[in-house]
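*Asks:* Provided below: model.cif, containing mmCIF, C-alpha atoms.
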data_structure
#
loop_
_atom_site.label_atom_id
_atom_site.label_comp_id
_atom_site.auth_asym_id
_atom_site.auth_seq_id
_atom_site.Cartn_x
_atom_site.Cartn_y
_atom_site.Cartn_z
CA MET A 1 -31.97 -18.48 30.15
CA LYS A 2 -32.57 -16.76 26.79
CA GLY A 3 -33.80 -13.58 28.46
CA HIS A 4 -36.04 -12.05 31.10
CA ILE A 5 -39.51 -10.96 30.00
CA LEU A 6 -41.86 -8.81 32.08
CA VAL A 7 -45.49 -9.65 31.15
CA ILE A 8 -48.46 -7.34 31.93
CA ASP A 9 -52.10 -8.31 31.35
CA ASP A 10 -55.12 -7.71 33.57
CA GLU A 11 -56.39 -11.23 32.80
CA ARG A 12 -54.71 -13.77 35.09
CA SER A 13 -55.35 -16.62 32.62
CA MET A 14 -53.46 -14.76 29.87
CA VAL A 15 -50.53 -14.03 32.19
CA GLU A 16 -50.34 -17.70 33.19
CA LEU A 17 -50.51 -18.83 29.55
CA LEU A 18 -47.67 -16.52 28.55
CA GLU A 19 -45.60 -17.46 31.61
CA THR A 20 -45.91 -21.15 30.81
CA ASP A 21 -45.22 -20.90 27.08
CA LEU A 22 -42.29 -18.49 27.32
CA ALA A 23 -40.75 -20.45 30.18
CA LEU A 24 -40.84 -23.61 28.03
CA ARG A 25 -38.98 -21.65 25.35
CA GLY A 26 -36.19 -20.83 27.77
CA TYR A 27 -37.20 -17.41 29.05
CA LYS A 28 -37.43 -16.15 32.60
CA VAL A 29 -40.87 -14.55 33.02
CA SER A 30 -42.20 -12.11 35.62
CA GLY A 31 -46.00 -11.81 35.30
CA PHE A 32 -48.23 -8.99 36.55
CA THR A 33 -51.96 -8.34 36.37
CA SER A 34 -51.43 -4.76 37.55
CA SER A 35 -49.55 -2.34 35.29
CA VAL A 36 -48.85 -0.08 38.27
CA ALA A 37 -47.16 -2.92 40.18
CA ALA A 38 -45.23 -3.92 37.04
CA LEU A 39 -43.88 -0.41 36.50
CA GLU A 40 -42.83 -0.20 40.13
CA ALA A 41 -40.97 -3.51 39.80
CA LEU A 42 -39.36 -2.45 36.52
CA ALA A 43 -37.00 -0.01 38.21
CA ALA A 44 -35.20 -2.81 40.05
CA THR A 45 -35.56 -5.60 37.50
CA ASP A 46 -33.13 -7.00 34.96
CA ALA A 47 -35.94 -7.50 32.44
CA GLN A 48 -34.88 -7.20 28.81
CA VAL A 49 -38.36 -6.89 27.25
CA VAL A 50 -41.77 -5.69 28.44
CA LEU A 51 -44.77 -7.51 26.93
CA THR A 52 -47.98 -5.63 27.76
CA ASP A 53 -51.64 -5.72 26.87
CA PHE A 54 -53.05 -2.48 25.46
CA HIS A 55 -56.56 -2.32 26.97
CA MET A 56 -56.24 -2.45 30.76
CA PRO A 57 -57.94 -0.56 33.60
CA GLY A 58 -55.98 2.23 35.22
CA VAL A 59 -52.61 2.59 33.47
CA ASN A 60 -53.18 1.18 29.97
CA GLY A 61 -50.66 -0.16 27.47
CA LEU A 62 -50.15 3.23 25.84
CA GLN A 63 -49.16 4.76 29.18
CA VAL A 64 -46.92 1.76 29.94
CA CYS A 65 -45.07 2.47 26.69
CA GLU A 66 -44.65 6.13 27.52
CA ARG A 67 -43.32 5.44 31.03
CA VAL A 68 -40.92 2.70 29.96
CA VAL A 69 -39.54 4.89 27.17
CA ALA A 70 -39.12 7.77 29.63
CA ASN A 71 -37.48 5.76 32.42
CA ARG A 72 -35.96 2.66 30.79
CA PRO A 73 -35.46 3.46 27.08
CA ASP A 74 -33.12 0.47 26.79
CA ILE A 75 -36.03 -1.97 27.29
CA PRO A 76 -38.14 -2.72 24.17
CA VAL A 77 -41.90 -2.77 24.72
CA VAL A 78 -44.05 -5.24 22.76
CA VAL A 79 -47.77 -4.44 22.84
CA MET A 80 -50.58 -6.99 22.57
CA THR A 81 -53.69 -5.56 20.90
CA ALA A 82 -56.99 -6.90 19.59
CA PHE A 83 -57.00 -8.31 16.07
CA GLY A 84 -57.71 -5.69 13.42
CA SER A 85 -57.12 -2.75 15.75
CA MET A 86 -54.48 -1.16 13.52
CA GLU A 87 -55.16 2.34 14.82
CA THR A 88 -54.35 1.12 18.34
CA ALA A 89 -51.14 -0.49 17.11
CA ILE A 90 -50.05 2.70 15.37
CA GLU A 91 -50.83 4.68 18.50
CA ALA A 92 -48.65 2.32 20.53
CA ILE A 93 -45.75 2.58 18.06
CA ARG A 94 -45.94 6.36 18.24
CA ALA A 95 -45.79 6.12 22.02
CA GLY A 96 -42.53 4.22 21.73
CA ALA A 97 -43.55 0.57 21.44
CA TRP A 98 -40.88 -1.52 19.73
CA ASP A 99 -43.36 -3.92 18.10
CA PHE A 100 -46.89 -5.27 18.50
CA VAL A 101 -48.73 -8.59 18.17
CA THR A 102 -52.45 -9.15 17.72
CA LYS A 103 -54.84 -11.20 19.83
CA PRO A 104 -55.61 -14.04 19.81
CA ILE A 105 -51.86 -14.59 20.23
CA GLU A 106 -50.03 -16.88 17.82
CA MET A 107 -47.34 -18.17 20.17
CA GLU A 108 -44.85 -19.04 17.43
CA LEU A 109 -45.06 -15.52 16.04
CA LEU A 110 -44.80 -14.02 19.53
CA ALA A 111 -41.67 -16.10 20.19
CA VAL A 112 -40.03 -14.66 17.08
CA VAL A 113 -40.91 -11.09 18.11
CA ILE A 114 -39.68 -11.64 21.67
CA ASP A 115 -36.43 -13.19 20.44
CA ARG A 116 -35.78 -10.19 18.18
CA ALA A 117 -36.59 -7.78 21.00
CA VAL A 118 -34.19 -9.51 23.41
CA ARG A 119 -31.42 -9.44 20.82
CA HIS A 120 -32.14 -5.77 20.18
CA HIS A 121 -31.86 -5.00 23.91
CA ASN A 122 -28.63 -6.98 24.27
CA LEU A 123 -27.12 -5.27 21.25
CA GLN A 124 -27.99 -1.85 22.66
CA GLU A 125 -26.28 -2.82 25.90
CA GLU A 126 -23.19 -4.01 24.05
CA VAL A 127 -23.02 -0.87 21.92
CA ARG A 128 -23.33 1.23 25.07
CA ARG A 129 -20.57 -0.77 26.76
CA LEU A 130 -18.29 -0.36 23.78
CA SER A 131 -19.02 3.35 23.48
CA ASN A 132 -16.33 4.03 26.04
CA LYS A 133 -12.71 3.89 24.96
CA PRO A 134 -11.55 0.26 24.92
CA GLU A 135 -9.68 -0.88 27.98
CA PRO A 136 -5.93 -1.45 27.51
CA ALA A 137 -6.58 -5.21 27.42
CA ASP A 138 -8.63 -4.66 24.25
CA ARG A 139 -5.71 -3.12 22.37
CA PHE A 140 -2.31 -4.54 21.57
CA GLU A 141 0.15 -2.87 19.22
CA GLY A 142 -2.47 -1.65 16.74
CA LEU A 143 -4.62 -4.78 17.10
CA ILE A 144 -8.06 -4.37 18.68
CA GLY A 145 -10.20 -7.10 20.17
CA SER A 146 -11.67 -8.43 23.40
CA SER A 147 -12.83 -11.77 21.96
CA PRO A 148 -11.21 -14.93 23.40
CA VAL A 149 -9.50 -15.71 20.07
CA LEU A 150 -7.85 -12.25 19.99
CA GLN A 151 -6.83 -12.40 23.64
CA LYS A 152 -5.25 -15.79 22.91
CA LEU A 153 -3.42 -14.27 19.94
CA PHE A 154 -2.07 -11.44 22.13
CA ASP A 155 -0.71 -14.03 24.58
CA GLN A 156 0.91 -16.01 21.76
CA ILE A 157 2.64 -12.89 20.43
CA ARG A 158 4.04 -12.10 23.88
CA LYS A 159 5.36 -15.64 24.23
CA ILE A 160 7.06 -15.98 20.85
CA ALA A 161 8.38 -12.42 20.50
CA PRO A 162 11.49 -12.90 22.70
CA ILE A 163 12.69 -16.04 20.91
CA THR A 164 14.48 -16.15 17.54
CA ALA A 165 12.52 -18.91 15.78
CA ASN A 166 11.03 -18.24 12.35
CA VAL A 167 7.29 -17.56 12.44
CA LEU A 168 4.69 -18.16 9.71
CA ILE A 169 1.60 -15.98 10.12
CA THR A 170 -1.45 -17.37 8.33
CA GLY A 171 -4.93 -15.99 7.82
CA GLU A 172 -7.35 -14.64 5.26
CA SER A 173 -6.57 -11.46 3.39
CA GLY A 174 -7.20 -8.38 5.53
CA THR A 175 -6.89 -10.05 8.95
CA GLY A 176 -3.87 -7.98 10.01
CA LYS A 177 -0.89 -10.24 9.35
CA GLU A 178 1.56 -7.34 8.97
CA LEU A 179 0.30 -5.76 12.21
CA VAL A 180 1.04 -9.05 13.98
CA ALA A 181 4.54 -9.17 12.47
CA GLN A 182 5.20 -5.62 13.66
CA ALA A 183 3.90 -6.49 17.13
CA ILE A 184 6.28 -9.46 17.33
CA HIS A 185 9.16 -7.19 16.30
CA ARG A 186 8.32 -4.47 18.82
CA HIS A 187 8.14 -6.98 21.69
CA SER A 188 11.40 -8.71 20.76
CA ASP A 189 15.00 -8.01 21.69
CA ARG A 190 15.36 -6.61 18.15
CA LYS A 191 12.88 -3.79 18.67
CA ASP A 192 15.63 -1.16 18.32
CA GLY A 193 16.66 -2.62 14.96
CA PRO A 194 14.91 -2.08 11.61
CA PHE A 195 11.65 -3.73 10.57
CA VAL A 196 11.92 -4.39 6.84
CA GLY A 197 8.95 -5.73 4.93
CA ILE A 198 8.32 -6.86 1.36
CA ASN A 199 5.26 -8.17 -0.47
CA CYS A 200 6.54 -11.16 -2.40
CA ALA A 201 3.53 -11.13 -4.72
CA ALA A 202 4.31 -7.56 -5.84
CA ILE A 203 7.90 -8.17 -7.00
CA PRO A 204 8.53 -9.68 -10.46
CA GLU A 205 10.40 -12.97 -10.30
CA ASN A 206 13.37 -11.63 -12.29
CA LEU A 207 13.88 -8.87 -9.69
CA MET A 208 13.22 -10.88 -6.54
CA GLU A 209 16.74 -12.25 -6.09
CA SER A 210 18.33 -8.81 -6.39
CA GLU A 211 15.74 -7.30 -4.06
CA LEU A 212 16.42 -9.84 -1.32
CA PHE A 213 20.14 -10.51 -1.70
CA GLY A 214 21.35 -7.27 -3.27
CA HIS A 215 23.65 -6.98 -6.27
CA ALA A 216 27.22 -6.06 -7.11
CA LYS A 217 28.12 -3.15 -9.32
CA GLY A 218 27.80 -4.17 -12.97
CA ALA A 219 25.81 -7.30 -12.17
CA PHE A 220 23.33 -6.30 -14.89
CA THR A 221 22.68 -3.37 -17.22
CA ASP A 222 21.25 -0.90 -14.69
CA ALA A 223 23.46 -1.98 -11.77
CA ARG A 224 25.63 1.14 -11.74
CA THR A 225 26.39 0.82 -8.03
CA GLU A 226 26.49 -1.87 -5.42
CA ARG A 227 23.19 -2.32 -3.56
CA LYS A 228 22.41 -4.05 -0.30
CA GLY A 229 19.49 -6.46 -0.33
CA LEU A 230 16.70 -6.61 2.21
CA PHE A 231 18.47 -9.28 4.28
CA GLN A 232 21.34 -6.86 4.90
CA GLN A 233 19.02 -3.88 5.32
CA ALA A 234 17.28 -5.78 8.13
CA GLN A 235 20.57 -6.32 9.98
CA GLY A 236 19.93 -6.48 13.73
CA GLY A 237 16.17 -6.36 13.19
CA THR A 238 13.37 -8.26 11.50
CA LEU A 239 12.71 -9.15 7.87
CA PHE A 240 9.04 -9.68 7.06
CA LEU A 241 8.24 -11.59 3.87
CA ASP A 242 4.54 -11.08 3.19
CA GLU A 243 2.61 -13.28 0.72
CA ILE A 244 5.32 -15.95 1.01
CA GLY A 245 2.85 -18.35 -0.58
CA ASP A 246 3.55 -16.55 -3.88
CA PHE A 247 7.33 -16.87 -3.59
CA PRO A 248 8.71 -18.32 -6.84
CA LEU A 249 9.44 -22.03 -6.72
CA SER A 250 12.64 -21.41 -8.69
CA LEU A 251 14.09 -19.24 -5.90
CA GLN A 252 12.92 -21.20 -2.88
CA ALA A 253 16.11 -23.27 -2.73
CA LYS A 254 18.26 -20.10 -2.67
CA LEU A 255 16.16 -18.53 0.04
CA LEU A 256 16.23 -21.75 2.04
CA ARG A 257 20.04 -21.84 1.84
CA ALA A 258 20.29 -18.20 2.92
CA MET A 259 18.08 -18.85 5.95
CA GLU A 260 20.05 -21.97 6.96
CA GLN A 261 23.54 -20.54 6.37
CA ARG A 262 22.66 -17.02 7.57
CA THR A 263 24.53 -15.67 4.55
CA VAL A 264 23.51 -14.25 1.18
CA ARG A 265 25.37 -13.91 -2.10
CA PRO A 266 24.49 -10.66 -3.93
CA VAL A 267 23.71 -11.05 -7.64
CA GLY A 268 26.93 -10.75 -9.66
CA SER A 269 29.19 -11.28 -6.63
CA ASP A 270 31.35 -14.26 -5.73
CA LYS A 271 31.40 -13.45 -2.02
CA GLU A 272 29.05 -14.52 0.75
CA VAL A 273 27.79 -11.81 3.09
CA SER A 274 26.54 -12.71 6.55
CA PHE A 275 23.38 -11.21 8.01
CA ASP A 276 21.64 -11.16 11.39
CA ALA A 277 17.88 -10.78 10.99
CA ARG A 278 14.87 -12.65 12.29
CA ILE A 279 12.62 -13.97 9.52
CA LEU A 280 8.85 -13.59 9.76
CA THR A 281 6.61 -14.70 6.90
CA ALA A 282 2.89 -14.51 6.15
CA THR A 283 0.43 -16.00 3.69
CA ASN A 284 -3.28 -16.36 3.02
CA ARG A 285 -2.68 -19.57 1.05
CA ASP A 286 -2.82 -23.17 2.27
CA LEU A 287 0.83 -24.17 1.99
CA ASP A 288 0.17 -27.78 3.04
CA VAL A 289 -1.87 -28.19 -0.13
CA ALA A 290 0.75 -26.33 -2.19
CA VAL A 291 3.39 -28.79 -0.94
CA GLU A 292 1.17 -31.77 -1.77
CA GLU A 293 0.63 -30.44 -5.28
CA GLY A 294 4.35 -29.83 -5.86
CA ARG A 295 4.04 -26.04 -6.03
CA TYR A 296 6.06 -25.53 -2.87
CA ARG A 297 9.24 -27.10 -1.52
CA GLU A 298 8.60 -29.10 1.62
CA ASP A 299 12.00 -28.33 3.14
CA PHE A 300 11.46 -24.59 2.56
CA TYR A 301 8.00 -24.81 4.13
CA PHE A 302 9.41 -26.50 7.22
CA ARG A 303 12.11 -23.82 7.53
CA ILE A 304 9.70 -20.87 7.51
CA ASN A 305 7.05 -22.65 9.59
CA VAL A 306 8.90 -23.33 12.84
CA ILE A 307 6.06 -21.56 14.68
CA GLN A 308 2.68 -20.91 13.05
CA LEU A 309 0.25 -18.20 14.11
CA ASP A 310 -3.26 -18.54 12.69
CA LEU A 311 -5.22 -15.27 12.59
CA PRO A 312 -9.00 -15.62 12.97
CA PRO A 313 -11.29 -14.03 10.36
CA LEU A 314 -13.32 -11.03 11.52
CA ARG A 315 -16.62 -12.94 11.21
CA SER A 316 -15.50 -15.32 13.99
CA ARG A 317 -14.53 -12.56 16.43
CA GLY A 318 -18.02 -11.59 17.63
CA ASN A 319 -18.30 -8.06 18.98
CA ASP A 320 -14.72 -7.18 18.03
CA VAL A 321 -16.18 -5.77 14.82
CA LEU A 322 -17.93 -3.05 16.86
CA LEU A 323 -14.76 -2.18 18.79
CA ILE A 324 -12.77 -1.87 15.58
CA ALA A 325 -15.54 0.04 13.79
CA ARG A 326 -15.79 2.61 16.56
CA SER A 327 -12.02 3.09 16.64
CA LEU A 328 -11.87 3.55 12.85
CA LEU A 329 -14.84 5.92 12.94
CA GLN A 330 -12.99 8.17 15.38
CA VAL A 331 -9.86 8.12 13.22
CA PHE A 332 -11.66 9.02 9.99
CA ALA A 333 -13.89 11.64 11.65
CA ARG A 334 -10.76 13.34 12.98
CA GLN A 335 -8.96 13.13 9.64
CA MET A 336 -11.93 14.55 7.73
CA GLY A 337 -12.81 17.17 10.34
CA LYS A 338 -16.36 15.83 10.71
CA ASN A 339 -18.45 15.67 13.87
CA VAL A 340 -19.34 11.99 13.58
CA THR A 341 -19.33 10.43 17.02
CA ASP A 342 -21.00 7.01 16.79
CA PHE A 343 -23.30 4.74 14.78
CA GLN A 344 -26.91 3.73 15.29
CA THR A 345 -27.88 0.37 16.74
CA SER A 346 -29.25 -0.66 13.33
CA VAL A 347 -25.77 -0.10 11.87
CA ALA A 348 -24.23 -2.24 14.62
CA GLU A 349 -26.70 -4.99 13.72
CA ARG A 350 -25.59 -4.89 10.09
CA PHE A 351 -21.93 -5.02 11.14
CA LEU A 352 -22.55 -8.08 13.34
CA ASN A 353 -24.61 -9.92 10.72
CA TYR A 354 -22.31 -9.31 7.74
CA ASP A 355 -19.66 -11.97 6.98
CA TRP A 356 -16.79 -9.54 6.14
CA PRO A 357 -15.02 -11.58 3.44
CA GLY A 358 -12.41 -8.81 3.25
CA ASN A 359 -12.01 -8.78 7.04
CA VAL A 360 -10.63 -5.68 8.81
CA ARG A 361 -9.41 -4.19 5.52
CA GLU A 362 -12.96 -4.25 4.18
CA LEU A 363 -14.35 -2.81 7.42
CA ARG A 364 -11.83 0.03 7.20
CA ASN A 365 -12.95 0.81 3.65
CA VAL A 366 -16.62 0.78 4.69
CA LEU A 367 -16.04 3.14 7.65
CA GLU A 368 -13.96 5.58 5.60
CA ARG A 369 -16.68 5.74 2.95
CA ALA A 370 -19.49 6.06 5.51
CA VAL A 371 -17.83 8.89 7.44
CA ALA A 372 -17.12 10.74 4.21
CA LEU A 373 -20.74 10.51 3.01
CA THR A 374 -22.79 10.84 6.19
CA GLU A 375 -24.67 14.03 7.01
CA PHE A 376 -25.37 13.09 10.63
CA GLU A 377 -23.53 12.82 13.92
CA LYS A 378 -24.29 9.10 13.99
CA LEU A 379 -23.86 6.77 11.03
CA ILE A 380 -27.18 5.43 9.74
CA VAL A 381 -27.91 2.34 7.66
CA ASP A 382 -28.18 4.41 4.47
CA ASP A 383 -24.52 5.42 4.92
CA LEU A 384 -23.46 1.79 4.36
CA PRO A 385 -22.84 0.08 0.99
CA GLU A 386 -25.83 -1.73 -0.45
CA LYS A 387 -24.24 -5.16 -0.01
CA ILE A 388 -24.11 -4.60 3.77
CA ARG A 389 -27.45 -2.78 4.05
CA ASP A 390 -29.28 -5.62 2.33
CA TYR A 391 -27.10 -8.51 3.48
CA ARG A 392 -28.84 -11.69 4.53
CA GLN A 393 -26.96 -14.50 6.22
CA SER A 394 -26.67 -17.60 4.10
CA THR A 395 -29.31 -20.16 4.95
CA PHE A 396 -30.73 -23.17 3.19
CA ARG A 397 -33.92 -25.13 3.74
CA ILE A 398 -34.43 -28.85 3.40
CA ASP A 399 -37.79 -29.00 5.22
CA THR A 400 -39.82 -27.34 2.48
CA SER A 401 -42.00 -28.62 -0.31
CA ASN A 402 -41.73 -25.36 -2.27
CA PRO A 403 -39.36 -25.93 -5.22
CA ALA A 404 -38.55 -22.21 -5.32
CA GLU A 405 -36.95 -22.47 -1.87
CA LEU A 406 -34.72 -25.43 -2.73
CA GLN A 407 -31.10 -25.01 -3.82
CA THR A 408 -28.62 -26.96 -5.88
CA LEU A 409 -26.48 -29.59 -4.18
CA GLU A 410 -23.38 -27.52 -4.96
CA ALA A 411 -24.85 -24.42 -3.26
CA VAL A 412 -25.83 -26.40 -0.16
CA GLU A 413 -22.36 -27.99 -0.03
CA GLN A 414 -20.59 -24.63 -0.24
CA GLN A 415 -22.78 -23.08 2.45
CA TYR A 416 -22.19 -26.03 4.75
CA ILE A 417 -18.43 -25.87 4.21
CA GLN A 418 -18.48 -22.17 5.09
CA ARG A 419 -20.58 -22.88 8.18
CA VAL A 420 -18.08 -25.52 9.37
CA LEU A 421 -15.14 -23.20 8.70
CA LYS A 422 -16.82 -20.44 10.69
CA SER A 423 -17.43 -22.79 13.63
CA VAL A 424 -13.73 -23.75 13.80
CA LEU A 425 -12.50 -20.15 13.33
CA GLY A 426 -11.12 -20.80 9.86
CA ASN A 427 -8.96 -23.79 10.83
CA ARG A 428 -8.96 -25.78 7.59
CA THR A 429 -7.34 -28.86 9.10
CA GLU A 430 -10.10 -29.14 11.70
CA ALA A 431 -12.77 -28.30 9.10
CA ALA A 432 -11.50 -31.09 6.82
CA ARG A 433 -11.63 -33.54 9.75
CA ILE A 434 -15.25 -32.61 10.54
CA LEU A 435 -16.26 -32.80 6.86
CA GLY A 436 -14.54 -36.16 6.44
CA VAL A 437 -12.30 -35.05 3.55
CA ASP A 438 -8.58 -34.40 3.26
CA ARG A 439 -7.18 -30.87 3.23
CA LYS A 440 -6.40 -31.08 -0.47
CA THR A 441 -10.05 -31.85 -1.33
CA LEU A 442 -11.29 -29.07 0.95
CA TYR A 443 -8.89 -26.59 -0.63
CA ARG A 444 -10.04 -27.50 -4.15
CA ARG A 445 -13.71 -27.07 -3.25
CA LEU A 446 -13.00 -23.69 -1.68
CA LYS A 447 -10.97 -22.66 -4.71
CA HIS A 448 -13.83 -23.70 -6.98
CA ASP A 449 -16.20 -21.55 -4.94
CA GLU A 450 -13.88 -18.54 -5.19
CA ASP A 451 -13.51 -18.92 -8.96
CA SER A 452 -17.21 -19.46 -9.68
#
In structure tokens, how does this file's structure come out?
*Replies:*
Amino acid sequence: MKGHILVIDDERSMVELLETDLALRGYKVSGFTSSVAALEALAATDAQVVLTDFHMPGVNGLQVCERVVANRPDIPVVVMTAFGSMETAIEAIRAGAWDFVTKPIEMELLAVVIDRAVRHHNLQEEVRRLSNKPEPADRFEGLIGSSPVLQKLFDQIRKIAPITANVLITGESGTGKELVAQAIHRHSDRKDGPFVGINCAAIPENLMESELFGHAKGAFTDARTERKGLFQQAQGGTLFLDEIGDFPLSLQAKLLRAMEQRTVRPVGSDKEVSFDARILTATNRDLDVAVEEGRYREDFYFRINVIQLDLPPLRSRGNDVLLIARSLLQVFARQMGKNVTDFQTSVAERFLNYDWPGNVRELRNVLERAVALTEFEKLIVDDLPEKIRDYRQSTFRIDTSNPAELQTLEAVEQQYIQRVLKSVLGNRTEAARILGVDRKTLYRRLKHDEDS
């Protein structure tokens, strides 16, 4: 069932019409010709929306609105009023009605209004449920999420943490790859050892070898003393190589040898130095495609990718965005000394509808900005950046004869690719299979979209 609707109209024929039509659209319907009986039943019902006529004997639609708002403010009230009676509609809205429709009823329009009202009710319920501090199961080593994909990720981390195999963590930028690496470290037998991380994309190629392997005194102009590299600094712990997809091709063979031999040779030295560190790597790039195109060594890829963990994008994690947003709101409110306790339902709607291309990192930026600028105890829509306030989910129409509503073939293709990727939680191999193309072709089309 799509939802439970409580219908009130003093005309039995209208109640029966609405019961039949809404039931065919997948709704459960409870019909009443007496508003008094309906209000009595409301206290014990699981109805999500009240649909009531305005002009009725006894308790009229205006009074129904007032009583529902007073006793069940979580249930939206939709009022049916005679065509052209705008004053009546305004009166109902002031009494707390969520929306109104005019008679004679256009059933397609009513279905849209009812659908929106049900979603509004469900969202209010979800926001209320999430208002409490997340249960321990929703949090894991700095990661927050109750969605099935996050719970699966938590289980995977627990399973692979105790073993010594190399792990490649993949996912879009901002999905929390370093948090996952730290979680693996803290649940491993090496938790008492150091966790050493480096962003491979941030180190110039000519300094990378010295940074990783260290250097001997006098190895180059500024090498006044001997220096241990990150492999030695991570002794007994974990070495995390972030953005491994940007690791220079010219050094991949040396890094591969170090990982296989468990030794490194500092720059300028003729001696091998052993190390004992678990290697975790992460990337937001498609390394299968990089290997196919000759930009990445296959043997190196196999060495770092003994176990692969794929992190889901935020847009595929459902209500996790609300859990994370509330947690970040509390953090920033405390840091800034502001009495900001929550966000309005309309803000939650924007958070759920937005695609979050920057994932959790982008959400963090949005919450920090919103808390800093807001003048209220609850964040409102105007506290959000324009791109989120005015965001509309990507849609395209093929059943229209209006040329203004039609899009280019390229635009339709890109939107469809994104829709498929979203349905498979960002798994490009599965997306390529569904689309009937190879991974290399899919990667090129995505790259073209990013560059355009």
*Asks:* Give me, as a short mmCIF file (atom, residue, chain, number, x, y, z; two decimals) with C-alpha atoms, in the coordinates of the input, all polymer residues having an atom no more than 8 Å from stretch 359-363 of chain A, counting all atoms listed in the file and skipping those fewer than 6 positions away in the same chain.
*Replies:*
data_model
loop_
_atom_site.label_atom_id
_atom_site.label_comp_id
_atom_site.auth_asym_id
_atom_site.auth_seq_id
_atom_site.Cartn_x
_atom_site.Cartn_y
_atom_site.Cartn_z
CA GLU A 172 -7.35 -14.64 5.26
CA SER A 173 -6.57 -11.46 3.39
CA GLY A 174 -7.20 -8.38 5.53
CA THR A 175 -6.89 -10.05 8.95
CA GLY A 176 -3.87 -7.98 10.01
CA PRO A 313 -11.29 -14.03 10.36
CA LEU A 314 -13.32 -11.03 11.52
CA ARG A 315 -16.62 -12.94 11.21
CA ALA A 325 -15.54 0.04 13.79
#
*Asks:* Write out as a JSON list (two decimals) with C-alpha atoms, keeping the file's coordinate frame each polymer residue whose atoms come within 10 Å of A:Glu349, counting only C-alpha atoms; drop sequence neighbours fewer than 3 positions from it.
*Replies:*
[["chain", "number", "residue", "atom", "x", "y", "z"],
["A", 119, "ARG", "CA", -31.42, -9.44, 20.82],
["A", 120, "HIS", "CA", -32.14, -5.77, 20.18],
["A", 123, "LEU", "CA", -27.12, -5.27, 21.25],
["A", 124, "GLN", "CA", -27.99, -1.85, 22.66],
["A", 127, "VAL", "CA", -23.02, -0.87, 21.92],
["A", 322, "LEU", "CA", -17.93, -3.05, 16.86],
["A", 344, "GLN", "CA", -26.91, 3.73, 15.29],
["A", 345, "THR", "CA", -27.88, 0.37, 16.74],
["A", 346, "SER", "CA", -29.25, -0.66, 13.33],
["A", 352, "LEU", "CA", -22.55, -8.08, 13.34],
["A", 353, "ASN", "CA", -24.61, -9.92, 10.72],
["A", 354, "TYR", "CA", -22.31, -9.31, 7.74],
["A", 381, "VAL", "CA", -27.91, 2.34, 7.66],
["A", 389, "ARG", "CA", -27.45, -2.78, 4.05]]
*Asks:* Work out how far apart atom CA of A:Leu329 and atom CA of A:Ala183 are and give it in Å to one decimal.
*Replies:*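 We find that atom CA of A:Leu329 and atom CA of A:Ala183 lie 22.9 Å from each other.
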*Asks:* Give me the result of the PyMOL selection byres ((chain A and resi 255) around 12) on this file, residue by residue, as an MDAnalysis selection string.
*Replies:* chainID A and resid 208:213 231 241 244 247:254 256:265 279 297 299:301 303:304
*Asks:* Taking 2 positions as the minimum chain separation for residues in the same chain, which residues sit within 9 Å of stretch 45-47 of chain A when counting only C-alpha atoms? Answer as an MDAnalysis selection string.
*Replies:* chainID A and resid 3:6 28:30 41:43 49:50 75
*Asks:* Take the residues that were just selected and, keeping C-alpha atoms, output them as a PDB file, keeping the file's coordinate frame.
*Replies:*
ATOM      1  CA  GLY A   3     -33.800 -13.580  28.460  1.00  0.00           C
ATOM      2  CA  HIS A   4     -36.040 -12.050  31.100  1.00  0.00           C
ATOM      3  CA  ILE A   5     -39.510 -10.960  30.000  1.00  0.00           C
ATOM      4  CA  LEU A   6     -41.860  -8.810  32.080  1.00  0.00           C
ATOM      5  CA  LYS A  28     -37.430 -16.150  32.600  1.00  0.00           C
ATOM      6  CA  VAL A  29     -40.870 -14.550  33.020  1.00  0.00           C
ATOM      7  CA  SER A  30     -42.200 -12.110  35.620  1.00  0.00           C
ATOM      8  CA  ALA A  41     -40.970  -3.510  39.800  1.00  0.00           C
ATOM      9  CA  LEU A  42     -39.360  -2.450  36.520  1.00  0.00           C
ATOM     10  CA  ALA A  43     -37.000  -0.010  38.210  1.00  0.00           C
ATOM     11  CA  VAL A  49     -38.360  -6.890  27.250  1.00  0.00           C
ATOM     12  CA  VAL A  50     -41.770  -5.690  28.440  1.00  0.00           C
ATOM     13  CA  ILE A  75     -36.030  -1.970  27.290  1.00  0.00           C
TER      14      ILE A  75
END
*Asks:* A:Asn319, A:Phe140, A:Arg326, A:Met14: which is nearest A:Leu179, counting all atoms listed in the file?
*Replies:*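 So, comparing all the options, the nearest one is A:Phe140.
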*Asks:* Can you report as lines of an AutoDock Vina configuration file the centre and edge lengths in Å, to one decimal, of an axis-aligned box around the listed atoms of stretch 232-246 of chain A padded with 5 Å on each side?
*Replies:*
center_x = 12.0
center_y = -11.1
center_z = 4.9
size_x = 28.7
size_y = 24.5
size_z = 27.6
*Asks:* Calculate how many Å separate atom CA of A:Ala161 from atom CA of A:Phe195, rounding to one decimal.
*Replies:* 13.6 Å
*Asks:* So what do you get for atom CA of A:Ile380 versus atom CA of A:Thr341, distance-wise?
*Replies:*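 Result for atom CA of A:Ile380 versus atom CA of A:Thr341: 11.8 Å, one decimal.
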